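Structure file start.txt with compact mmCIF, C-alpha atoms and all ligand atoms:
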# COMPACT_ATOMS: atom_id res chain seq x y z
CA MET A 131 -14.46 -4.49 -51.57
CA HIS A 132 -13.06 -6.60 -54.38
CA LEU A 133 -9.79 -7.71 -55.96
CA GLY A 134 -9.73 -4.59 -58.14
CA HIS A 135 -9.70 -2.47 -54.98
CA LEU A 136 -6.96 -4.64 -53.49
CA VAL A 137 -4.51 -4.14 -56.37
CA GLY A 138 -5.74 -0.70 -57.42
CA ALA A 139 -6.04 0.99 -54.04
CA LEU A 140 -5.61 -0.95 -50.80
CA LYS A 141 -2.02 -2.13 -51.35
CA ASN A 142 -1.09 1.41 -52.31
CA TRP A 143 -2.86 2.84 -49.23
CA ALA A 144 -1.03 0.47 -46.91
CA ASP A 145 2.33 1.57 -48.41
CA LEU A 146 1.50 5.29 -48.28
CA GLN A 147 1.10 5.12 -44.51
CA GLY A 148 4.89 4.94 -44.20
CA GLU A 149 5.32 8.22 -46.07
CA TYR A 150 2.31 10.41 -45.36
CA GLU A 151 -0.20 11.39 -42.69
CA CYS A 152 -3.19 9.61 -44.26
CA PHE A 153 -6.95 10.14 -44.02
CA PHE A 154 -9.13 7.27 -45.28
CA MET A 155 -12.85 7.89 -45.61
CA VAL A 156 -15.87 5.66 -46.20
CA ALA A 157 -17.73 7.70 -48.80
CA ASP A 158 -21.27 6.91 -47.67
CA TRP A 159 -22.71 10.19 -48.99
CA HIS A 160 -21.25 9.31 -52.37
CA ALA A 161 -22.77 5.84 -52.10
CA HIS A 162 -26.13 7.42 -51.34
CA MET A 163 -26.01 9.36 -54.62
CA SER A 164 -26.48 6.16 -56.62
CA GLU A 165 -27.87 3.81 -53.93
CA TYR A 166 -30.47 6.12 -52.41
CA GLU A 167 -33.14 3.44 -52.76
CA ARG A 168 -31.11 0.89 -50.73
CA PRO A 169 -30.46 2.34 -47.23
CA ALA A 170 -29.82 -1.03 -45.55
CA GLU A 171 -27.02 -1.79 -48.01
CA ILE A 172 -25.25 1.51 -47.41
CA ARG A 173 -25.12 0.83 -43.66
CA LYS A 174 -23.83 -2.70 -44.18
CA TYR A 175 -21.18 -1.67 -46.71
CA THR A 176 -19.83 1.12 -44.49
CA PHE A 177 -18.87 -1.42 -41.86
CA GLU A 178 -17.66 -3.97 -44.41
CA ASN A 179 -15.44 -1.39 -46.07
CA VAL A 180 -13.56 -0.59 -42.90
CA ILE A 181 -13.11 -4.28 -42.12
CA ASP A 182 -11.67 -4.80 -45.61
CA TRP A 183 -9.25 -1.89 -45.26
CA ILE A 184 -7.86 -3.06 -41.95
CA SER A 185 -7.66 -6.66 -43.18
CA CYS A 186 -5.55 -5.45 -46.12
CA GLY A 187 -3.04 -3.47 -44.07
CA VAL A 188 -4.59 -0.05 -43.37
CA ASN A 189 -3.50 0.64 -39.83
CA PRO A 190 -5.72 2.75 -37.52
CA GLN A 191 -2.68 3.41 -35.29
CA LYS A 192 -0.96 5.22 -38.16
CA SER A 193 -3.85 6.70 -40.15
CA VAL A 194 -7.20 8.41 -39.63
CA LEU A 195 -10.15 6.20 -40.62
CA PHE A 196 -13.58 7.80 -40.64
CA VAL A 197 -17.05 7.86 -42.18
CA GLN A 198 -17.82 10.80 -44.47
CA SER A 199 -21.32 11.45 -43.08
CA HIS A 200 -19.89 11.79 -39.54
CA ILE A 201 -18.14 14.99 -40.64
CA LYS A 202 -20.79 17.54 -41.55
CA GLU A 203 -18.14 19.99 -42.77
CA HIS A 204 -17.95 18.01 -46.03
CA THR A 205 -21.53 18.96 -46.95
CA GLU A 206 -21.04 22.56 -46.00
CA LEU A 207 -17.91 22.87 -48.13
CA HIS A 208 -19.68 20.95 -50.91
CA LEU A 209 -22.42 23.58 -50.98
CA LEU A 210 -19.99 26.49 -50.96
CA LEU A 211 -17.95 24.96 -53.79
CA SER A 212 -21.14 24.11 -55.72
CA ASN A 213 -22.02 27.78 -55.73
CA ILE A 214 -18.87 28.68 -57.66
CA THR A 215 -18.67 25.61 -59.95
CA PRO A 216 -19.94 26.23 -63.50
CA LEU A 217 -22.51 23.67 -64.62
CA GLY A 218 -20.63 22.95 -67.86
CA TRP A 219 -17.60 21.65 -65.94
CA LEU A 220 -19.77 18.92 -64.40
CA GLU A 221 -21.77 18.07 -67.51
CA ARG A 222 -18.61 17.39 -69.52
CA CYS A 223 -17.09 15.12 -66.84
CA PRO A 224 -16.29 11.79 -68.61
CA THR A 225 -17.12 9.56 -65.61
CA TYR A 226 -20.53 11.22 -65.25
CA LYS A 227 -21.46 10.31 -68.82
CA GLU A 228 -20.02 6.81 -68.42
CA GLN A 229 -22.00 6.08 -65.26
CA LEU A 230 -25.23 7.33 -66.81
CA ARG A 231 -24.60 4.96 -69.70
CA GLU A 232 -23.59 1.94 -67.63
CA LEU A 233 -25.80 2.08 -64.52
CA LYS A 234 -29.10 1.76 -66.33
CA ARG A 235 -30.87 0.05 -63.42
CA ARG A 236 -30.61 3.21 -61.31
CA ASP A 237 -32.10 6.60 -61.97
CA LEU A 238 -29.04 8.84 -61.84
CA TYR A 239 -30.54 11.84 -63.57
CA THR A 240 -30.52 13.70 -60.28
CA TYR A 241 -29.25 17.08 -59.15
CA GLY A 242 -27.03 15.38 -56.53
CA PHE A 243 -25.36 12.92 -58.88
CA LEU A 244 -24.27 15.64 -61.28
CA GLY A 245 -22.46 17.26 -58.35
CA TYR A 246 -20.62 14.06 -57.37
CA PRO A 247 -17.18 15.50 -58.29
CA VAL A 248 -17.85 18.67 -56.28
CA LEU A 249 -18.44 16.59 -53.16
CA GLN A 250 -15.18 14.79 -53.95
CA SER A 251 -13.46 18.16 -54.17
CA ALA A 252 -14.86 19.05 -50.74
CA ASP A 253 -13.58 15.71 -49.37
CA ILE A 254 -10.09 16.55 -50.57
CA LEU A 255 -9.98 20.26 -49.81
CA ALA A 256 -11.44 19.97 -46.28
CA TYR A 257 -8.11 18.37 -45.32
CA LYS A 258 -5.97 20.57 -47.58
CA ALA A 259 -4.64 17.34 -49.03
CA ALA A 260 -1.30 17.54 -50.80
CA VAL A 261 -1.67 14.19 -52.56
CA VAL A 262 -4.57 11.88 -53.34
CA PRO A 263 -4.20 8.21 -54.29
CA VAL A 264 -6.46 7.75 -57.31
CA GLY A 265 -7.17 5.36 -60.13
CA GLU A 266 -6.71 6.60 -63.70
CA ASP A 267 -10.46 7.02 -64.12
CA GLN A 268 -10.49 9.48 -61.22
CA LEU A 269 -7.78 11.76 -62.61
CA ALA A 270 -10.41 13.89 -64.37
CA HIS A 271 -12.11 14.47 -61.02
CA LEU A 272 -8.85 15.52 -59.43
CA GLU A 273 -8.25 17.98 -62.26
CA LEU A 274 -11.74 19.33 -61.63
CA THR A 275 -10.82 19.79 -57.95
CA ARG A 276 -7.81 21.85 -59.03
CA GLU A 277 -9.98 23.94 -61.36
CA ILE A 278 -12.50 24.58 -58.59
CA LEU A 279 -9.84 25.63 -56.08
CA ARG A 280 -8.20 27.92 -58.65
CA ARG A 281 -11.57 29.56 -59.22
CA PHE A 282 -12.04 29.86 -55.45
CA HIS A 283 -8.61 31.50 -55.09
CA HIS A 284 -9.33 33.81 -58.03
CA ILE A 285 -12.69 34.97 -56.66
CA TYR A 286 -11.60 35.43 -53.04
CA LYS A 287 -8.06 36.66 -53.83
CA LYS A 288 -6.38 34.35 -51.34
CA LYS A 289 -4.67 30.96 -51.60
CA VAL A 290 -6.29 28.71 -49.03
CA PHE A 291 -5.78 25.25 -50.52
CA PRO A 292 -2.68 23.52 -51.86
CA GLU A 293 -3.11 22.01 -55.35
CA PRO A 294 -3.49 18.28 -54.72
CA LYS A 295 -1.46 15.89 -56.85
CA GLY A 296 -2.63 12.42 -57.81
CA ILE A 297 -0.65 9.34 -56.89
CA LEU A 298 -1.41 6.62 -59.39
CA THR A 299 -1.13 3.03 -58.32
CA LYS A 300 1.67 1.13 -60.05
CA SER A 301 -0.52 -1.92 -60.78
CA PRO A 302 -2.37 -1.96 -64.08
CA ARG A 303 -6.14 -1.94 -63.89
CA LEU A 304 -7.74 -5.29 -63.09
CA LEU A 305 -10.65 -6.24 -65.31
CA GLY A 306 -13.75 -7.98 -64.01
CA THR A 307 -14.88 -11.49 -64.92
CA ASP A 308 -16.69 -10.11 -68.00
CA ASN A 309 -13.62 -8.12 -69.21
CA ARG A 310 -15.15 -4.75 -68.26
CA LYS A 311 -13.66 -2.64 -65.46
CA MET A 312 -14.15 -4.59 -62.22
CA SER A 313 -17.04 -2.96 -60.40
CA LYS A 314 -19.79 -3.84 -57.96
CA SER A 315 -22.18 -1.98 -60.23
CA TYR A 316 -21.41 -4.37 -63.10
CA ASP A 317 -21.64 -7.47 -60.91
CA ASN A 318 -18.38 -8.80 -62.39
CA PHE A 319 -16.21 -8.73 -59.27
CA ILE A 320 -14.46 -11.17 -56.95
CA ALA A 321 -14.97 -9.87 -53.42
CA LEU A 322 -12.33 -9.97 -50.70
CA SER A 323 -14.97 -11.70 -48.58
CA ASP A 324 -15.92 -14.35 -51.16
CA ALA A 325 -15.73 -17.93 -49.90
CA PRO A 326 -13.36 -20.33 -51.73
CA ASP A 327 -16.29 -21.98 -53.57
CA THR A 328 -17.57 -18.61 -54.78
CA VAL A 329 -14.12 -17.73 -56.09
CA LEU A 330 -14.05 -21.04 -57.96
CA LYS A 331 -17.47 -20.34 -59.46
CA LYS A 332 -16.61 -16.79 -60.49
CA THR A 333 -13.28 -17.70 -62.09
CA ALA A 334 -15.08 -20.44 -64.05
CA GLN A 335 -17.22 -17.69 -65.62
CA MET A 336 -14.25 -15.60 -66.76
CA ILE A 337 -13.90 -14.78 -70.43
CA THR A 338 -10.81 -16.29 -72.06
CA ASP A 339 -9.20 -16.15 -75.52
CA PRO A 340 -12.22 -15.94 -77.89
CA GLU A 341 -10.23 -17.61 -80.68
CA ARG A 342 -9.54 -20.74 -78.66
CA ILE A 343 -12.58 -22.80 -79.60
CA LYS A 344 -11.30 -26.38 -79.28
CA ARG A 345 -9.15 -27.89 -76.54
CA SER A 346 -6.44 -28.59 -79.15
CA ASP A 347 -6.31 -24.93 -80.32
CA SER A 348 -3.32 -22.87 -79.24
CA GLY A 349 -4.29 -20.05 -76.93
CA HIS A 350 -3.21 -16.40 -76.96
CA PRO A 351 -2.43 -15.45 -73.36
CA LYS A 352 -1.93 -11.79 -74.28
CA VAL A 353 -5.66 -11.37 -74.96
CA CYS A 354 -6.83 -13.56 -72.07
CA ASN A 355 -7.99 -11.95 -68.85
CA VAL A 356 -7.33 -15.15 -66.87
CA PHE A 357 -3.66 -14.87 -67.85
CA SER A 358 -3.49 -11.25 -66.72
CA TYR A 359 -4.65 -12.40 -63.27
CA PHE A 360 -1.80 -14.93 -63.10
CA LYS A 361 0.64 -12.13 -63.99
CA MET A 362 -0.71 -9.98 -61.21
CA PHE A 363 -1.30 -12.46 -58.39
CA ALA A 364 1.27 -15.19 -59.09
CA PRO A 365 3.99 -13.78 -61.39
CA GLU A 366 6.14 -16.83 -60.71
CA THR A 367 3.63 -18.97 -62.66
CA GLU A 368 3.46 -16.62 -65.67
CA GLU A 369 6.00 -18.37 -67.88
CA GLY A 370 4.60 -21.87 -67.21
CA ILE A 371 0.99 -20.85 -67.92
CA HIS A 372 2.10 -19.00 -71.05
CA GLN A 373 3.83 -22.08 -72.44
CA ASP A 374 0.97 -24.41 -71.48
CA CYS A 375 -1.50 -22.09 -73.18
CA ILE A 376 0.29 -21.51 -76.50
CA ARG A 377 1.09 -25.23 -76.79
CA ALA A 378 -2.47 -26.21 -75.87
CA ARG A 379 -1.16 -28.33 -72.98
CA ILE A 380 -3.89 -27.07 -70.67
CA ALA A 381 -7.66 -26.65 -71.04
CA CYS A 382 -9.15 -23.28 -70.15
CA THR A 383 -11.30 -24.94 -67.47
CA GLY A 384 -8.19 -26.38 -65.80
CA CYS A 385 -6.39 -23.07 -66.13
CA LYS A 386 -9.25 -21.28 -64.38
CA LYS A 387 -9.23 -23.83 -61.56
CA LYS A 388 -5.51 -23.14 -61.07
CA LEU A 389 -6.29 -19.43 -60.94
CA ALA A 390 -9.00 -19.99 -58.32
CA ALA A 391 -6.41 -21.80 -56.16
CA VAL A 392 -3.99 -18.86 -56.54
CA LEU A 393 -6.68 -16.32 -55.61
CA ASN A 394 -7.85 -18.35 -52.64
CA GLU A 395 -4.29 -18.39 -51.33
CA VAL A 396 -4.08 -14.59 -51.68
CA LEU A 397 -7.43 -14.14 -49.95
CA ALA A 398 -6.90 -16.62 -47.08
CA PRO A 399 -5.13 -14.21 -44.64
CA ILE A 400 -7.59 -11.41 -45.52
CA ARG A 401 -10.55 -13.71 -44.78
CA GLN A 402 -8.98 -14.66 -41.45
CA LYS A 403 -8.52 -11.04 -40.37
CA ARG A 404 -12.06 -10.18 -41.51
CA LYS A 405 -13.38 -13.00 -39.37
CA GLU A 406 -11.59 -11.68 -36.28
CA LEU A 407 -12.87 -8.12 -36.83
CA ASN A 408 -16.40 -9.31 -37.48
CA LYS A 409 -16.37 -10.93 -34.05
CA ASP A 410 -15.41 -7.62 -32.42
CA LYS A 411 -17.59 -4.95 -34.03
CA SER A 412 -17.24 -2.54 -31.11
CA LYS A 413 -13.52 -2.33 -31.89
CA VAL A 414 -14.30 -1.13 -35.43
CA GLU A 415 -16.85 1.37 -34.11
CA ASP A 416 -14.26 2.69 -31.69
CA ILE A 417 -11.73 3.13 -34.50
CA LEU A 418 -14.28 5.13 -36.51
CA SER A 419 -15.27 7.29 -33.58
CA GLN A 420 -11.61 8.14 -32.81
CA GLY A 421 -11.05 8.84 -36.51
CA ALA A 422 -14.09 11.14 -36.67
CA LYS A 423 -12.72 13.26 -33.81
CA LYS A 424 -9.39 13.76 -35.59
CA ALA A 425 -11.00 14.40 -38.99
CA LYS A 426 -13.51 16.86 -37.57
CA LYS A 427 -10.78 18.92 -35.98
CA VAL A 428 -8.93 19.39 -39.29
CA ALA A 429 -12.05 19.89 -41.45
CA GLY A 430 -13.53 22.28 -38.88
CA GLU A 431 -10.44 24.51 -39.01
CA THR A 432 -10.57 24.61 -42.81
CA LEU A 433 -14.27 25.52 -42.80
CA ALA A 434 -13.76 28.29 -40.27
CA GLU A 435 -11.04 29.78 -42.49
CA VAL A 436 -13.17 29.45 -45.65
CA LYS A 437 -16.31 30.93 -44.09
CA LYS A 438 -14.45 33.89 -42.69
CA LEU A 439 -12.89 34.58 -46.09
CA ILE A 440 -16.19 34.47 -47.99
CA GLY A 441 -18.13 36.52 -45.47
CA LEU A 442 -20.19 33.82 -43.73
CA TYR A 443 -19.60 34.23 -40.04
S1 LIG A 501 -5.39 -21.69 -71.20
FE1 LIG A 501 -5.55 -20.17 -69.61
S2 LIG A 501 -4.39 -18.43 -70.38
FE2 LIG A 501 -4.83 -19.77 -72.13
S3 LIG A 501 -6.68 -18.95 -73.03
FE3 LIG A 501 -7.28 -20.57 -71.62
S4 LIG A 501 -7.68 -19.52 -69.68
FE4 LIG A 501 -6.52 -18.14 -70.98
If you convert what's in this file into structure tokens, what do you get?
Ligand code: SF4
Amino acid sequence: MHLGHLVGALKNWADLQGEYECFFMVADWHAHMSEYERPAEIRKYTFENVIDWISCGVNPQKSVLFVQSHIKEHTELHLLLSNITPLGWLERCPTYKEQLRELKRRDLYTYGFLGYPVLQSADILAYKAAVVPVGEDQLAHLELTREILRRFHHIYKKKVFPEPKGILTKSPRLLGTDNRKMSKSYDNFIALSDAPDTVLKKTAQMITDPERIKRSDSGHPKVCNVFSYFKMFAPETEEGIHQDCIRARIACTGCKKKLAAVLNEVLAPIRQKRKELNKDKSKVEDILSQGAKKAKKVAGETLAEVKKLIGLY
């Protein structure tokens, strides 16, 4: 996972554990929809994901951590919901169109990829989730989940699922090193596992104020992505960097080096925890196996209720 996940999801997840009974899932079936030609990577990332979560404060003693493909009920519910979901609802989904446009290196014109939001609906509804922590770009999918469940309730004349609400993270979205949304697919991310040298190299590539051509030019921090990182990860430095930038007291190269130092300080305890967990892989496997048992119990009860209602038993 990367810095965008840290500020956009993981910090929020860690906090939610104090308020809610949480289920956190590695979405490996979702990963397969776009990465179906790279099986070794899916396996590796499943493990890495869980290590990242725990290293950033997700606590297996408080929450249920599991792998999506360990709970077959998700696929069964996905199929049942697919049968009642009109094609037009999926074709007009904004993230579907965006991904087709952006991920040109992968062939995503598949039957499965179009149904991506239906599988997400199954992930949510299998647990009768009341709230779902989402990024802004996922709000459309959550609305689609609500539309699907309303249609389900309308057809089968019974309310089975609560309408899930989205919890948006308070942090603004973090852009990647190329000023697009930070994403693994765009290769513009700083990973939680990146070594200090890699962080230095990646920050050096970041796009700054395009109007600052010469060292003596005043900068415009408001339009500079490097500055937005300072605001997010070291707010105490914001005023100083702002002044140094507008008065041209600092070169962009020096400013980026300072940012790398800030990020490496943020990442140091996460790297340490990752190292410990990497040494004890059986512990992570045990956490996932315990989580699967708990998740399966809840999802199994939901499926039994759904199947009985729609005449499949
Ligand atoms: S000095 Fe820093 S904040 Fe100003 S434009 Fe350069 S990188 Fe951005």
Just need the box for range 198-212 of chain A, edges along x, y and z, holding every atom the file lists for it with 4 Å tacked onto each side, so centre and edge lengths in Å to one decimal, as AutoDock Vina command-line options.
--center_x -20.1 --center_y 18.6 --center_z -47.6 --size_x 12.6 --size_y 23.7 --size_z 24.2
For a quick check of understanding, using all atoms listed in the file, which of A:Cys223, A:Met163, A:Val194, A:Val329 has the smallest distance to His271 in chain A?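 The answer is A:Cys223, which sits nearest to His271 in chain A.
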Using all atoms listed in the file, tabulate the residues of range 295-372 of chain A lying at most 12 Å from any atom of range 142-160 of chain A, each with its closest atom pair and that distance in Å to one decimal, by chain and increasing residue number, as JSON lines.
{"residue": "A:Ile297", "atom": "CA", "partner": "A:Asn142", "partner_atom": "CA", "distance": 9.2}
{"residue": "A:Leu298", "atom": "CA", "partner": "A:Asn142", "partner_atom": "CA", "distance": 8.8}
{"residue": "A:Thr299", "atom": "CA", "partner": "A:Asn142", "partner_atom": "CA", "distance": 6.2}
{"residue": "A:Lys300", "atom": "CA", "partner": "A:Asn142", "partner_atom": "CA", "distance": 8.2}
{"residue": "A:Ser301", "atom": "CA", "partner": "A:Asn142", "partner_atom": "CA", "distance": 9.1}
Could you list the protein, DNA and RNA residues that have any atom within 7 Å of ligand LIG 501 (chain A), counting all atoms listed in the file, and write them as a ChimeraX atom specification? /A:338-339,342,349-351,354-357,371-372,374-376,380-383,385-386
Which neighbours of Gly138 in chain A fall inside 12 Å, counting only C-alpha atoms, when residues of the same chain fewer than 6 positions from it are skipped, and could you give them as a ChimeraX atom specification? /A:131-132,144,263-268,297-305,311-313,362
Please provide as a compact mmCIF listing (two decimals) with C-alpha atoms, keeping the file's coordinate frame all residues within 8 Å of Ile172 in chain A, with the sequence filter that same-chain residues fewer than 4 positions apart are discarded (counting only C-alpha atoms).
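Generated output (selection00.txt):
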# COMPACT_ATOMS: atom_id res chain seq x y z
CA ASP A 158 -21.27 6.91 -47.67
CA ALA A 161 -22.77 5.84 -52.10
CA HIS A 162 -26.13 7.42 -51.34
CA GLU A 165 -27.87 3.81 -53.93
CA ARG A 168 -31.11 0.89 -50.73
CA THR A 176 -19.83 1.12 -44.49
Would it be fine to have range 163-181 of chain A, with N, CA and C atoms, given as a short mmCIF file (atom, residue, chain, number, x, y, z; two decimals), in the first residue's frame?
data_model
loop_
_atom_site.label_atom_id
_atom_site.label_comp_id
_atom_site.auth_asym_id
_atom_site.auth_seq_id
_atom_site.Cartn_x
_atom_site.Cartn_y
_atom_site.Cartn_z
N MET A 163 -9.64 -9.13 -11.22
CA MET A 163 -10.40 -8.58 -12.36
C MET A 163 -9.50 -7.76 -13.30
N SER A 164 -8.51 -7.08 -12.73
CA SER A 164 -7.62 -6.31 -13.62
C SER A 164 -6.24 -6.95 -13.75
N GLU A 165 -5.88 -7.82 -12.78
CA GLU A 165 -4.52 -8.40 -12.78
C GLU A 165 -4.54 -9.89 -13.10
N TYR A 166 -5.53 -10.31 -13.88
CA TYR A 166 -5.69 -11.75 -14.12
C TYR A 166 -4.51 -12.39 -14.84
N GLU A 167 -3.66 -11.57 -15.43
CA GLU A 167 -2.48 -12.14 -16.12
C GLU A 167 -1.26 -12.20 -15.21
N ARG A 168 -1.42 -11.80 -13.92
CA ARG A 168 -0.27 -11.74 -13.01
C ARG A 168 -0.56 -12.46 -11.69
N PRO A 169 -0.77 -13.79 -11.72
CA PRO A 169 -1.16 -14.50 -10.49
C PRO A 169 -0.15 -14.39 -9.35
N ALA A 170 1.14 -14.40 -9.67
CA ALA A 170 2.14 -14.35 -8.59
C ALA A 170 2.03 -13.04 -7.82
N GLU A 171 1.72 -11.96 -8.52
CA GLU A 171 1.62 -10.66 -7.86
C GLU A 171 0.43 -10.59 -6.92
N ILE A 172 -0.68 -11.20 -7.33
CA ILE A 172 -1.87 -11.16 -6.46
C ILE A 172 -1.56 -11.84 -5.13
N ARG A 173 -0.91 -13.00 -5.19
CA ARG A 173 -0.57 -13.74 -3.96
C ARG A 173 0.34 -12.89 -3.06
N LYS A 174 1.33 -12.29 -3.68
CA LYS A 174 2.30 -11.49 -2.90
C LYS A 174 1.59 -10.28 -2.25
N TYR A 175 0.75 -9.61 -3.04
CA TYR A 175 0.12 -8.40 -2.52
C TYR A 175 -0.89 -8.68 -1.42
N THR A 176 -1.51 -9.86 -1.45
CA THR A 176 -2.47 -10.21 -0.40
C THR A 176 -1.76 -10.17 0.95
N PHE A 177 -0.63 -10.82 1.01
CA PHE A 177 0.14 -10.87 2.25
C PHE A 177 0.65 -9.47 2.63
N GLU A 178 1.19 -8.78 1.64
CA GLU A 178 1.74 -7.44 1.89
C GLU A 178 0.67 -6.47 2.41
N ASN A 179 -0.53 -6.61 1.87
CA ASN A 179 -1.62 -5.74 2.31
C ASN A 179 -1.88 -5.86 3.80
N VAL A 180 -1.97 -7.11 4.24
CA VAL A 180 -2.31 -7.34 5.65
C VAL A 180 -1.18 -6.82 6.55
N ILE A 181 0.05 -7.02 6.11
CA ILE A 181 1.19 -6.51 6.88
C ILE A 181 1.11 -4.98 6.98
#
